[in-house]
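Below is one structure, written out as structure tokens; comments come after it.
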Amino acid sequence: MATANVIVDRSQGVAPVQRRVFGSFIEHLGRCVYTGIHEPGHPTADGHGFRGDVLALVRELGVSTVRYPGGNFVSGYRWEDGVGPVAERPRRLDLAWHSLETNEVGLDEFARWCRLAGCEPMLAVNLGTRGVQEALDVLEYANHPGGTALSDQRVANGSVAPHDIRMWCLGNEMDGPWQVGHMTAGEYGALAARTAAAMKMVDPALELVACGSSGSGMPTFGEWERVVLEAAYDHVDYISCHAYYQEHDGDLGSFLASSLDMEYFIETVVATADHVRHKLRKDRAIAISFDEWNVWYQSRFTESGKVTAGWPVAPRLLEDVYSVADAVVVGSLLITLLRHSDRVRSASLAQLVNVIGPIMTEPGGPAWRQTTFFPFATTARLAAGQVLNPRVETGTYATARHGEAPLVDAVATHDADTGSAAVFLVNRSREATTVRIDVHDLGVGAIREALTLADPDPYATNTREQPDRVQLQPNATAAHTDGVVRIELPPVSWTALALG
Ligand code: AHR
């Protein structure tokens with residue numbers, strides 16, 4: 001059997017765990033909103049039409065922030081359409097997803113849903129077809145206590161207390177030719193700077209996210225970040241990263257190593273942001289908001305012709321059914337995000353329900369957990385205190401897409417207040433691997449939980465018919481003696497250990 005060593009100690013501290021790294025994303029896309037979080041008439045729906053079964057799963061998932069309302073959708077969105085009496089709201093063409101938007105759910109409903117779910121809202125403004133004035137308007141509507149035209153409108157609409165939204169995205173993927181209102185880096189940087197400066201005149205404590213690249217493979221990657229940050233550095237706090245991964249042509253080995261691209265992406269953006277920082281002689285560092293990341297079988301979406309005929313309301317779009325291998329990749333991407341907690345201060349699993357989501361629903365029917373639900377929920381639940389970047393001694397394997405990849409990867413957290421620790425591990429090997437984890441330095445005495453996601457069939461999924469086919473299993477091989485944990489990781493697996 002293959003072996004690996006993981007050495008964890010407190011000198012490996014990266015940064016405190018950033019709760020916002022466990023964020024997600026709700027876009028007006030497909031069935032994420034309609035029949036996802038919102039379905040009046042569903043047996044579990046409350047008086048506002050929010051599905052109670054979905055809310056319970058969102059709480060279990062441990063989501064911190066939720067980005068809204070897009071995504072590509074936001075670049076053609078008029079936020080005013082989604083407030084006021086529902087019966088009077090206009091129906092609009094959504095160009096991004098070739099759908100019909102009924103506007104039954106808008107800003108006030110989303111804020112109410114966030115309160116029910118225990119999540120922090122994160123709002124994106126439209127910089128595709130709109131600009132500074134509309135961003136200021138939605139900010140006034142959302143956050144100003146009252147006594148102005150737009151804040152009083154919010155109060156009249158039933159939201160007496162301001163929504164107090166702290167994080168705002170300045171548009172979405174403006175580097176992408178598919179984006180409504182797509183711009184060059186120079187055009188976007190100037191608009192983002194003007195918009196951000198004006199928003200901070202309202203509230204200097206807002207946290208603003210400039211659009212970075214839609215993927216590390218974009219032809220403008222790197223240069224886009226440089227130009228945008230040179231224009232907007234003084235006014236923004238974050239630059240965004242977006243990344244989606246999938247298995248291509250049966251190349252499971254490359255797919256399992258997707259986090260190497262995420263590492264490269266983060267490190268390149270950090271280097272670029274720091275280059276601009278030093279060039280402009282600034283003290284403050286820019287953080288990363290990795291506000292779209294996931295496994296997404298984009299090739300299936302492209303091959304399907306991308307859009308359904310006509311302009312349907314809430315069509316079934318991007319409803320990927322995730323396998324064990326997909327969940328292992330999601331778990332390993334979380335390891336990478338945590339490892340970069342010094343700069344990645346916020347992240348959003350895209351998306352939350354039905355649309356490439358960890359939660360699936362049927363209209364009028366059940367809601368269930370996809371495989372990807374488990375590594376997210378467990379990492380969000382167990383990661384606490386300080387992130388540690390352990391030394392991992394492991395073999396490597398050759399991949400077509402990412403070069404040599406470590407067979408085993410790991411990250412740890414240590415909470416000095418409670419004396420507890422957690423170790424998250426991925427085994428990319430097709431063989432079982434015995435891992436020796438040296439936790440002497442943490443002073444932890446017992447294994448509280450050892451949970452593994454694996455299956456003899458790495459393509460096993462959860463479906464409506466078999467919603468519990470794939471679940472986390474206690475890993476009975478885990479044993480702790482004299483500051484050393486030994487555990488067997490099954491082939492293609494993700495594991496969480498809670499120590500205390
Ligand atoms: O999450 C799906 C889409 O992916 C989003 O709308 C867009 O921002 C990205 O390209």
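Ordered as shown in the structure tokens, chains take letters A, B, and onward, while each chain numbers its residues from 1 and ligands are numbered from 1 in the order shown.
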message = Could you list, as a list in words, all residues that come within 7 Å of ligand 1? Count only C-alpha atoms and all ligand atoms.
response =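 Residues satisfying the distance criterion: Glu27, Gly70, Gly71, Asn72, Phe73, Asn172, Glu173, Ser214, Glu292, Ala350 and Gln351 of chain A.
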Residues from last step as file, N, CA, C and O atoms, as an mmCIF file, in the first residue's frame:
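Generated file (out_4.cif):
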```
data_model
loop_
_atom_site.group_PDB
_atom_site.id
_atom_site.type_symbol
_atom_site.label_atom_id
_atom_site.label_comp_id
_atom_site.auth_asym_id
_atom_site.auth_seq_id
_atom_site.Cartn_x
_atom_site.Cartn_y
_atom_site.Cartn_z
ATOM 1 N N GLU A 27 -27.984 32.846 -8.122
ATOM 2 C CA GLU A 27 -28.191 33.671 -9.318
ATOM 3 C C GLU A 27 -29.607 33.440 -9.836
ATOM 4 O O GLU A 27 -30.154 32.336 -9.700
ATOM 5 N N GLY A 70 -26.397 37.778 -9.498
ATOM 6 C CA GLY A 70 -25.619 37.131 -10.560
ATOM 7 C C GLY A 70 -24.185 37.460 -10.312
ATOM 8 O O GLY A 70 -23.877 38.249 -9.411
ATOM 9 N N GLY A 71 -23.339 36.856 -11.089
ATOM 10 C CA GLY A 71 -23.463 36.108 -12.299
ATOM 11 C C GLY A 71 -23.823 36.957 -13.524
ATOM 12 O O GLY A 71 -24.032 38.162 -13.482
ATOM 13 N N ASN A 72 -23.803 36.247 -14.641
ATOM 14 C CA ASN A 72 -24.066 36.889 -15.928
ATOM 15 C C ASN A 72 -25.405 37.638 -15.912
ATOM 16 O O ASN A 72 -25.563 38.653 -16.592
ATOM 17 N N PHE A 73 -26.347 37.118 -15.133
ATOM 18 C CA PHE A 73 -27.671 37.739 -15.070
ATOM 19 C C PHE A 73 -27.589 39.205 -14.662
ATOM 20 O O PHE A 73 -28.320 40.052 -15.176
ATOM 21 N N ASN A 172 -19.862 41.799 -12.928
ATOM 22 C CA ASN A 172 -19.548 40.372 -12.980
ATOM 23 C C ASN A 172 -18.830 40.040 -14.281
ATOM 24 O O ASN A 172 -19.306 40.415 -15.368
ATOM 25 N N GLU A 173 -17.696 39.369 -14.166
ATOM 26 C CA GLU A 173 -16.964 38.821 -15.328
ATOM 27 C C GLU A 173 -16.954 39.786 -16.514
ATOM 28 O O GLU A 173 -17.281 39.401 -17.646
ATOM 29 N N SER A 214 -12.237 35.709 -15.402
ATOM 30 C CA SER A 214 -13.243 34.640 -15.361
ATOM 31 C C SER A 214 -12.615 33.260 -15.368
ATOM 32 O O SER A 214 -13.343 32.264 -15.367
ATOM 33 N N GLU A 292 -16.649 32.711 -7.501
ATOM 34 C CA GLU A 292 -17.291 31.599 -8.225
ATOM 35 C C GLU A 292 -16.251 30.488 -8.335
ATOM 36 O O GLU A 292 -15.196 30.693 -8.940
ATOM 37 N N ALA A 350 -20.201 28.150 -6.363
ATOM 38 C CA ALA A 350 -21.228 28.512 -7.351
ATOM 39 C C ALA A 350 -21.808 27.229 -7.939
ATOM 40 O O ALA A 350 -21.063 26.479 -8.544
ATOM 41 N N GLN A 351 -23.133 27.017 -7.722
ATOM 42 C CA GLN A 351 -24.026 27.896 -7.000
ATOM 43 C C GLN A 351 -24.615 27.105 -5.840
ATOM 44 O O GLN A 351 -24.070 26.054 -5.510
#
```
List the neighbours of stretch 145-155 of chain A out to 10 Å using only C-alpha atoms; skip same-chain residues closer than 6 positions along the sequence, and give me the result as a PDB file with N, CA and C atoms, in the first residue's frame.
```pdb
ATOM      1  N   VAL A  83     -38.399  45.050  -6.666  1.00  0.00           N
ATOM      2  CA  VAL A  83     -38.894  45.559  -5.377  1.00  0.00           C
ATOM      3  C   VAL A  83     -40.311  46.113  -5.559  1.00  0.00           C
ATOM      4  N   GLY A  84     -41.024  46.238  -4.440  1.00  0.00           N
ATOM      5  CA  GLY A  84     -42.400  46.740  -4.495  1.00  0.00           C
ATOM      6  C   GLY A  84     -43.392  45.597  -4.646  1.00  0.00           C
ATOM      7  N   LEU A 107     -34.552  42.005  -4.238  1.00  0.00           N
ATOM      8  CA  LEU A 107     -33.633  42.323  -3.153  1.00  0.00           C
ATOM      9  C   LEU A 107     -34.226  42.111  -1.753  1.00  0.00           C
ATOM     10  N   ASP A 108     -35.447  42.599  -1.536  1.00  0.00           N
ATOM     11  CA  ASP A 108     -36.011  42.469  -0.185  1.00  0.00           C
ATOM     12  C   ASP A 108     -36.276  41.012   0.168  1.00  0.00           C
ATOM     13  N   ASP A 137     -27.989  54.072  -6.333  1.00  0.00           N
ATOM     14  CA  ASP A 137     -29.421  53.932  -6.022  1.00  0.00           C
ATOM     15  C   ASP A 137     -29.685  52.650  -5.235  1.00  0.00           C
ATOM     16  N   VAL A 138     -29.126  51.535  -5.692  1.00  0.00           N
ATOM     17  CA  VAL A 138     -29.412  50.276  -4.997  1.00  0.00           C
ATOM     18  C   VAL A 138     -28.753  50.277  -3.616  1.00  0.00           C
ATOM     19  N   LEU A 139     -27.611  50.960  -3.518  1.00  0.00           N
ATOM     20  CA  LEU A 139     -26.961  51.075  -2.206  1.00  0.00           C
ATOM     21  C   LEU A 139     -27.843  51.883  -1.244  1.00  0.00           C
ATOM     22  N   ALA A 161     -35.983  47.908   8.627  1.00  0.00           N
ATOM     23  CA  ALA A 161     -34.549  48.006   8.966  1.00  0.00           C
ATOM     24  C   ALA A 161     -33.720  47.921   7.687  1.00  0.00           C
ATOM     25  N   PRO A 162     -32.643  48.708   7.610  1.00  0.00           N
ATOM     26  CA  PRO A 162     -31.788  48.595   6.424  1.00  0.00           C
ATOM     27  C   PRO A 162     -31.168  47.200   6.327  1.00  0.00           C
ATOM     28  N   HIS A 163     -30.862  46.784   5.120  1.00  0.00           N
ATOM     29  CA  HIS A 163     -30.290  45.448   4.949  1.00  0.00           C
ATOM     30  C   HIS A 163     -28.808  45.398   5.344  1.00  0.00           C
ATOM     31  N   ASP A 164     -28.179  46.564   5.392  1.00  0.00           N
ATOM     32  CA  ASP A 164     -26.788  46.667   5.865  1.00  0.00           C
ATOM     33  C   ASP A 164     -25.868  45.671   5.144  1.00  0.00           C
TER      34      ASP A 164
END
```
Given only C-alpha atoms, how would the per-residue table for stretch 339-432 of chain A near stretch 44-54 of chain A read, listing every residue at most 10 Å away with its closest atom pair and distance in Å to one decimal, sorted by chain and number, as CSV?
```
residue,atom,partner,partner_atom,distance
A:Leu352,CA,A:Val54,CA,9.9
A:Val353,CA,A:Val54,CA,8.2
A:Ile359,CA,A:Val54,CA,7.6
A:Met360,CA,A:Val54,CA,8.6
A:Thr361,CA,A:Val54,CA,7.9
A:Gly364,CA,A:Thr44,CA,9.1
A:Gly365,CA,A:Thr44,CA,9.6
A:Pro366,CA,A:Asp53,CA,7.8
A:Ala367,CA,A:Val54,CA,6.4
A:Trp368,CA,A:Val54,CA,8.4
A:Arg369,CA,A:Val54,CA,9.9
```
Hey, can you spit out that residue selection with N, CA and C atoms as an mmCIF file, in the first residue's frame?
```cif
data_model
loop_
_atom_site.group_PDB
_atom_site.id
_atom_site.type_symbol
_atom_site.label_atom_id
_atom_site.label_comp_id
_atom_site.auth_asym_id
_atom_site.auth_seq_id
_atom_site.Cartn_x
_atom_site.Cartn_y
_atom_site.Cartn_z
ATOM 1 N N LEU A 352 -25.793 27.502 -5.343
ATOM 2 C CA LEU A 352 -26.274 26.879 -4.110
ATOM 3 C C LEU A 352 -27.322 25.790 -4.334
ATOM 4 N N VAL A 353 -28.293 26.065 -5.191
ATOM 5 C CA VAL A 353 -29.411 25.113 -5.361
ATOM 6 C C VAL A 353 -29.672 24.876 -6.844
ATOM 7 N N ILE A 359 -27.192 21.322 -3.466
ATOM 8 C CA ILE A 359 -28.556 20.963 -3.060
ATOM 9 C C ILE A 359 -29.420 20.888 -4.321
ATOM 10 N N MET A 360 -30.208 19.818 -4.432
ATOM 11 C CA MET A 360 -31.121 19.673 -5.569
ATOM 12 C C MET A 360 -32.553 19.635 -5.047
ATOM 13 N N THR A 361 -33.475 20.071 -5.894
ATOM 14 C CA THR A 361 -34.896 20.019 -5.521
ATOM 15 C C THR A 361 -35.715 19.539 -6.701
ATOM 16 N N GLY A 364 -42.472 20.814 -6.057
ATOM 17 C CA GLY A 364 -43.513 20.060 -5.349
ATOM 18 C C GLY A 364 -42.995 18.807 -4.664
ATOM 19 N N GLY A 365 -41.704 18.535 -4.816
ATOM 20 C CA GLY A 365 -41.136 17.286 -4.317
ATOM 21 C C GLY A 365 -40.011 17.502 -3.329
ATOM 22 N N PRO A 366 -39.127 16.532 -3.225
ATOM 23 C CA PRO A 366 -38.091 16.589 -2.185
ATOM 24 C C PRO A 366 -36.898 17.482 -2.537
ATOM 25 N N ALA A 367 -36.072 17.689 -1.534
ATOM 26 C CA ALA A 367 -34.756 18.320 -1.710
ATOM 27 C C ALA A 367 -33.736 17.322 -1.190
ATOM 28 N N TRP A 368 -32.557 17.259 -1.823
ATOM 29 C CA TRP A 368 -31.566 16.298 -1.348
ATOM 30 C C TRP A 368 -30.149 16.846 -1.531
ATOM 31 N N ARG A 369 -29.215 16.147 -0.885
ATOM 32 C CA ARG A 369 -27.813 16.563 -0.885
ATOM 33 C C ARG A 369 -27.084 15.881 -2.040
#
```
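Here the question is which of A:Ala432, A:Gln298, A:Val321, A:Val444 gets nearest to A:Thr477 using only C-alpha atoms, and that residue is A:Ala432.
Across the model, the gap from atom CA of A:Ala2 to atom CA of A:Gly483 is 21.6 Å.
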message = Can you pull out every residue from stretch 217-349 of chain A that DSSP, working from the backbone, puts in alpha helix (DSSP H), and format the result as a PyMOL selection string?
response = chain A and resi 223-232+252-256+259-279+298-303+324-339
Counting only C-alpha atoms, what is within 12 Å of A:Ser99, bar same-chain residues fewer than 3 positions away, as a short mmCIF file (atom, residue, chain, number, x, y, z; two decimals) with all heavy atoms, in the first residue's frame?
```cif
data_model
loop_
_atom_site.label_atom_id
_atom_site.label_comp_id
_atom_site.auth_asym_id
_atom_site.auth_seq_id
_atom_site.Cartn_x
_atom_site.Cartn_y
_atom_site.Cartn_z
N HIS A 28 -30.17 34.45 -10.45
CA HIS A 28 -31.42 34.24 -11.19
C HIS A 28 -31.03 33.49 -12.46
O HIS A 28 -30.72 34.09 -13.50
CB HIS A 28 -32.09 35.59 -11.50
CG HIS A 28 -32.79 36.18 -10.33
ND1 HIS A 28 -34.16 36.20 -10.20
CD2 HIS A 28 -32.30 36.73 -9.19
CE1 HIS A 28 -34.50 36.77 -9.05
NE2 HIS A 28 -33.38 37.10 -8.41
N LEU A 29 -30.99 32.21 -12.35
CA LEU A 29 -30.52 31.34 -13.43
C LEU A 29 -31.22 30.00 -13.25
O LEU A 29 -31.16 29.43 -12.15
CB LEU A 29 -29.00 31.16 -13.30
CG LEU A 29 -28.16 30.55 -14.41
CD1 LEU A 29 -26.72 30.41 -13.98
CD2 LEU A 29 -28.66 29.30 -15.03
N GLY A 30 -31.86 29.52 -14.29
CA GLY A 30 -32.49 28.21 -14.21
C GLY A 30 -33.42 28.13 -13.02
O GLY A 30 -34.26 29.01 -12.79
N ARG A 31 -33.23 27.09 -12.19
CA ARG A 31 -34.11 26.88 -11.04
C ARG A 31 -33.39 27.13 -9.71
O ARG A 31 -33.69 26.50 -8.71
CB ARG A 31 -34.66 25.45 -11.06
CG ARG A 31 -35.51 25.14 -12.28
CD ARG A 31 -36.26 23.82 -12.12
NE ARG A 31 -35.42 22.72 -11.71
CZ ARG A 31 -35.52 22.07 -10.55
NH1 ARG A 31 -36.42 22.43 -9.65
NH2 ARG A 31 -34.72 21.07 -10.28
N PHE A 73 -26.35 37.12 -15.13
CA PHE A 73 -27.67 37.74 -15.07
C PHE A 73 -27.59 39.21 -14.66
O PHE A 73 -28.32 40.05 -15.18
CB PHE A 73 -28.54 36.96 -14.07
CG PHE A 73 -29.86 37.61 -13.75
CD1 PHE A 73 -30.93 37.51 -14.62
CD2 PHE A 73 -30.02 38.33 -12.57
CE1 PHE A 73 -32.15 38.13 -14.33
CE2 PHE A 73 -31.23 38.94 -12.27
CZ PHE A 73 -32.29 38.84 -13.15
N ARG A 91 -42.11 41.74 -16.16
CA ARG A 91 -41.43 40.54 -16.65
C ARG A 91 -40.43 41.01 -17.70
O ARG A 91 -40.74 41.85 -18.53
CB ARG A 91 -42.45 39.58 -17.25
CG ARG A 91 -43.40 39.00 -16.19
CD ARG A 91 -44.69 38.53 -16.80
NE ARG A 91 -44.59 37.24 -17.48
CZ ARG A 91 -44.72 36.05 -16.90
NH1 ARG A 91 -44.93 35.99 -15.60
NH2 ARG A 91 -44.63 34.94 -17.59
N ARG A 92 -39.23 40.47 -17.65
CA ARG A 92 -38.18 40.94 -18.56
C ARG A 92 -37.48 39.78 -19.23
O ARG A 92 -37.36 38.70 -18.65
CB ARG A 92 -37.10 41.71 -17.78
CG ARG A 92 -37.58 42.90 -17.01
CD ARG A 92 -37.51 44.15 -17.85
NE ARG A 92 -37.76 45.30 -16.99
CZ ARG A 92 -38.18 46.48 -17.44
NH1 ARG A 92 -38.37 46.66 -18.74
NH2 ARG A 92 -38.38 47.47 -16.62
N LEU A 93 -36.89 40.06 -20.39
CA LEU A 93 -36.02 39.10 -21.04
C LEU A 93 -34.68 39.07 -20.29
O LEU A 93 -34.10 40.13 -20.04
CB LEU A 93 -35.76 39.49 -22.50
CG LEU A 93 -36.97 39.56 -23.42
CD1 LEU A 93 -36.51 39.92 -24.84
CD2 LEU A 93 -37.74 38.24 -23.44
N ASP A 94 -34.23 37.88 -19.95
CA ASP A 94 -32.89 37.74 -19.38
C ASP A 94 -31.98 37.25 -20.50
O ASP A 94 -32.03 36.09 -20.91
CB ASP A 94 -32.94 36.75 -18.20
CG ASP A 94 -31.56 36.21 -17.84
OD1 ASP A 94 -30.55 36.87 -18.19
OD2 ASP A 94 -31.49 35.14 -17.21
N LEU A 95 -31.15 38.15 -21.01
CA LEU A 95 -30.31 37.82 -22.16
C LEU A 95 -29.22 36.81 -21.81
O LEU A 95 -28.79 36.03 -22.66
CB LEU A 95 -29.65 39.10 -22.71
CG LEU A 95 -30.60 40.24 -23.10
CD1 LEU A 95 -29.80 41.36 -23.76
CD2 LEU A 95 -31.69 39.75 -24.04
N ALA A 96 -28.77 36.85 -20.56
CA ALA A 96 -27.65 35.97 -20.18
C ALA A 96 -28.03 34.51 -20.31
O ALA A 96 -27.23 33.68 -20.78
CB ALA A 96 -27.21 36.27 -18.75
N THR A 102 -39.41 36.80 -14.01
CA THR A 102 -40.71 37.30 -13.52
C THR A 102 -40.55 38.34 -12.42
O THR A 102 -41.50 39.03 -12.07
CB THR A 102 -41.54 36.13 -12.94
OG1 THR A 102 -40.83 35.60 -11.81
CG2 THR A 102 -41.77 35.05 -13.99
N ASN A 103 -39.36 38.39 -11.83
CA ASN A 103 -39.07 39.32 -10.72
C ASN A 103 -39.91 39.09 -9.47
O ASN A 103 -40.05 39.99 -8.63
CB ASN A 103 -39.22 40.79 -11.20
CG ASN A 103 -38.03 41.19 -12.06
OD1 ASN A 103 -36.89 41.09 -11.63
ND2 ASN A 103 -38.30 41.60 -13.29
N LYS A 306 -26.60 25.53 -25.23
CA LYS A 306 -26.61 26.59 -24.20
C LYS A 306 -27.99 27.05 -23.75
O LYS A 306 -28.21 27.31 -22.59
CB LYS A 306 -25.81 27.82 -24.64
CG LYS A 306 -24.34 27.58 -24.68
CD LYS A 306 -23.60 28.89 -24.68
CE LYS A 306 -22.12 28.62 -24.63
NZ LYS A 306 -21.33 29.81 -24.70
N VAL A 307 -28.93 27.24 -24.64
CA VAL A 307 -30.20 27.81 -24.21
C VAL A 307 -31.35 26.94 -24.70
O VAL A 307 -31.24 26.24 -25.69
CB VAL A 307 -30.40 29.24 -24.74
CG1 VAL A 307 -29.47 30.20 -24.07
CG2 VAL A 307 -30.24 29.28 -26.25
N THR A 308 -32.44 27.02 -23.97
CA THR A 308 -33.65 26.31 -24.40
C THR A 308 -34.41 27.21 -25.37
O THR A 308 -34.21 28.42 -25.40
CB THR A 308 -34.52 25.99 -23.18
OG1 THR A 308 -34.47 27.11 -22.30
CG2 THR A 308 -34.03 24.77 -22.45
N ALA A 309 -35.28 26.61 -26.15
CA ALA A 309 -36.05 27.39 -27.13
C ALA A 309 -36.99 28.36 -26.42
O ALA A 309 -37.46 28.08 -25.31
CB ALA A 309 -36.84 26.44 -28.01
N GLY A 310 -37.24 29.47 -27.04
CA GLY A 310 -38.16 30.45 -26.47
C GLY A 310 -37.52 31.16 -25.28
O GLY A 310 -36.30 31.18 -25.13
N TRP A 311 -38.35 31.73 -24.44
CA TRP A 311 -37.87 32.45 -23.25
C TRP A 311 -38.58 31.87 -22.04
O TRP A 311 -39.46 32.52 -21.45
CB TRP A 311 -38.16 33.95 -23.40
CG TRP A 311 -37.42 34.58 -24.55
CD1 TRP A 311 -37.82 34.63 -25.85
CD2 TRP A 311 -36.14 35.20 -24.50
NE1 TRP A 311 -36.87 35.25 -26.62
CE2 TRP A 311 -35.82 35.63 -25.81
CE3 TRP A 311 -35.21 35.45 -23.48
CZ2 TRP A 311 -34.63 36.28 -26.12
CZ3 TRP A 311 -34.03 36.12 -23.80
CH2 TRP A 311 -33.75 36.52 -25.10
N PRO A 312 -38.20 30.65 -21.64
CA PRO A 312 -38.92 29.99 -20.55
C PRO A 312 -38.64 30.61 -19.18
O PRO A 312 -37.60 31.23 -18.97
CB PRO A 312 -38.40 28.56 -20.60
CG PRO A 312 -37.05 28.67 -21.25
CD PRO A 312 -37.10 29.85 -22.16
N VAL A 313 -39.60 30.42 -18.28
CA VAL A 313 -39.40 30.83 -16.88
C VAL A 313 -38.73 29.67 -16.16
O VAL A 313 -39.20 28.53 -16.22
CB VAL A 313 -40.76 31.16 -16.21
CG1 VAL A 313 -40.56 31.45 -14.71
CG2 VAL A 313 -41.43 32.33 -16.91
N ALA A 314 -37.64 29.93 -15.48
CA ALA A 314 -36.94 28.95 -14.64
C ALA A 314 -36.76 27.59 -15.33
O ALA A 314 -37.19 26.56 -14.81
CB ALA A 314 -37.67 28.78 -13.31
N PRO A 315 -36.09 27.57 -16.50
CA PRO A 315 -35.86 26.28 -17.16
C PRO A 315 -34.81 25.46 -16.41
O PRO A 315 -34.08 26.01 -15.57
CB PRO A 315 -35.30 26.69 -18.52
CG PRO A 315 -34.65 28.02 -18.28
CD PRO A 315 -35.45 28.69 -17.20
N ARG A 316 -34.76 24.17 -16.72
CA ARG A 316 -33.71 23.33 -16.10
C ARG A 316 -32.40 23.60 -16.82
O ARG A 316 -32.17 23.09 -17.91
CB ARG A 316 -34.11 21.86 -16.19
CG ARG A 316 -35.24 21.50 -15.25
CD ARG A 316 -35.59 20.03 -15.32
NE ARG A 316 -36.80 19.78 -14.56
CZ ARG A 316 -36.82 19.34 -13.29
NH1 ARG A 316 -35.69 19.07 -12.66
NH2 ARG A 316 -37.95 19.17 -12.66
N LEU A 317 -31.55 24.40 -16.20
CA LEU A 317 -30.25 24.74 -16.79
C LEU A 317 -29.14 24.39 -15.80
O LEU A 317 -29.30 24.61 -14.60
CB LEU A 317 -30.16 26.24 -17.08
CG LEU A 317 -30.94 26.80 -18.27
CD1 LEU A 317 -30.77 28.32 -18.32
CD2 LEU A 317 -30.46 26.19 -19.57
#
```
inquiry  = One number please: atom CA of A:Asn462 to atom CA of A:Leu252, in Å, one decimal.
reply    = 19.5 Å
key: 6 Å contact set for stretch 418-423 of chain A, only C-alpha atoms, chain neighbours under 4 positions out, as a list in words   = Val411, Ala412, Thr413, His414, Ala496, Leu497, Ala498, Leu499 and Gly500 of chain A
Given the selection you just returned, output its residues as a file containing N, CA, C and O atoms, formatted as a CSV table (one decimal), in the first residue's frame.
```csv
chain,number,residue,atom,x,y,z
A,411,VAL,N,-4.6,20.1,4.5
A,411,VAL,CA,-4.5,21.4,5.2
A,411,VAL,C,-5.0,21.1,6.6
A,411,VAL,O,-5.8,20.1,6.8
A,412,ALA,N,-4.7,21.9,7.6
A,412,ALA,CA,-5.1,21.7,9.0
A,412,ALA,C,-5.6,23.0,9.6
A,412,ALA,O,-5.2,24.1,9.1
A,413,THR,N,-6.4,22.9,10.6
A,413,THR,CA,-6.7,24.1,11.4
A,413,THR,C,-6.5,23.8,12.9
A,413,THR,O,-6.7,22.6,13.3
A,414,HIS,N,-6.2,24.8,13.6
A,414,HIS,CA,-6.0,24.6,15.1
A,414,HIS,C,-6.6,25.7,15.8
A,414,HIS,O,-6.4,26.9,15.6
A,496,ALA,N,-12.0,14.0,6.5
A,496,ALA,CA,-11.8,15.1,7.5
A,496,ALA,C,-11.6,14.4,8.9
A,496,ALA,O,-12.3,13.4,9.2
A,497,LEU,N,-10.7,14.9,9.6
A,497,LEU,CA,-10.4,14.4,10.9
A,497,LEU,C,-10.6,15.5,11.9
A,497,LEU,O,-10.1,16.6,11.7
A,498,ALA,N,-11.4,15.3,13.0
A,498,ALA,CA,-11.5,16.3,14.0
A,498,ALA,C,-10.8,15.7,15.2
A,498,ALA,O,-11.0,14.6,15.7
A,499,LEU,N,-9.8,16.5,15.8
A,499,LEU,CA,-9.0,16.1,16.9
A,499,LEU,C,-9.2,17.0,18.1
A,499,LEU,O,-9.5,18.2,17.9
A,500,GLY,N,-9.2,16.4,19.3
A,500,GLY,CA,-9.4,17.3,20.4
A,500,GLY,C,-8.7,16.7,21.7
A,500,GLY,O,-8.1,15.7,21.6
```
key: Those in stretch 93-212 of chain A with strand (DSSP E or B) from DSSP, as a ChimeraX atom specification   = /A:93-94,99-101,120-125,167-170,207-210
task = Could you please determine the separation between atom CA of A:Arg19 and atom CA of A:Gly62 in Å, to one decimal place?
result = 9.7 Å
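Using only C-alpha atoms, the smallest distance between any of A:Leu338, A:Leu349, A:Ala192, A:Leu116 and A:Gly385 comes from A:Leu338.
Closest approach to A:Ala327 from the set A:Val295, A:Ile37, A:Ala135, A:Val270 is made by A:Val295, with distances taken over only C-alpha atoms.
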Using only C-alpha atoms, I'd like a table of the residues in stretch 1-89 of chain A that come within 12 Å of stretch 370-376 of chain A; for each, show the closest atom pair and its distance in Å rounded to one decimal, ordered by chain and ascending number, as a Markdown table.
```
| residue | atom | partner | partner_atom | distance |
| --- | --- | --- | --- | --- |
| A:Val21 | CA | A:Phe376 | CA | 10.5 |
| A:Phe22 | CA | A:Phe376 | CA | 7.7 |
| A:Gly23 | CA | A:Phe376 | CA | 10.0 |
| A:Ser24 | CA | A:Phe376 | CA | 10.3 |
| A:Leu57 | CA | A:Phe373 | CA | 9.3 |
| A:Val58 | CA | A:Phe373 | CA | 9.7 |
| A:Arg59 | CA | A:Phe373 | CA | 11.7 |
| A:Glu60 | CA | A:Phe373 | CA | 9.4 |
| A:Leu61 | CA | A:Phe376 | CA | 6.8 |
| A:Gly62 | CA | A:Phe376 | CA | 8.1 |
| A:Val63 | CA | A:Phe376 | CA | 8.8 |
| A:Ser64 | CA | A:Phe376 | CA | 11.5 |
```
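Among A:Phe301, A:Thr65, A:Leu136, A:Pro363, the residue with the shortest atom-to-atom distance to A:Ser289, counting only C-alpha atoms, is A:Thr65.
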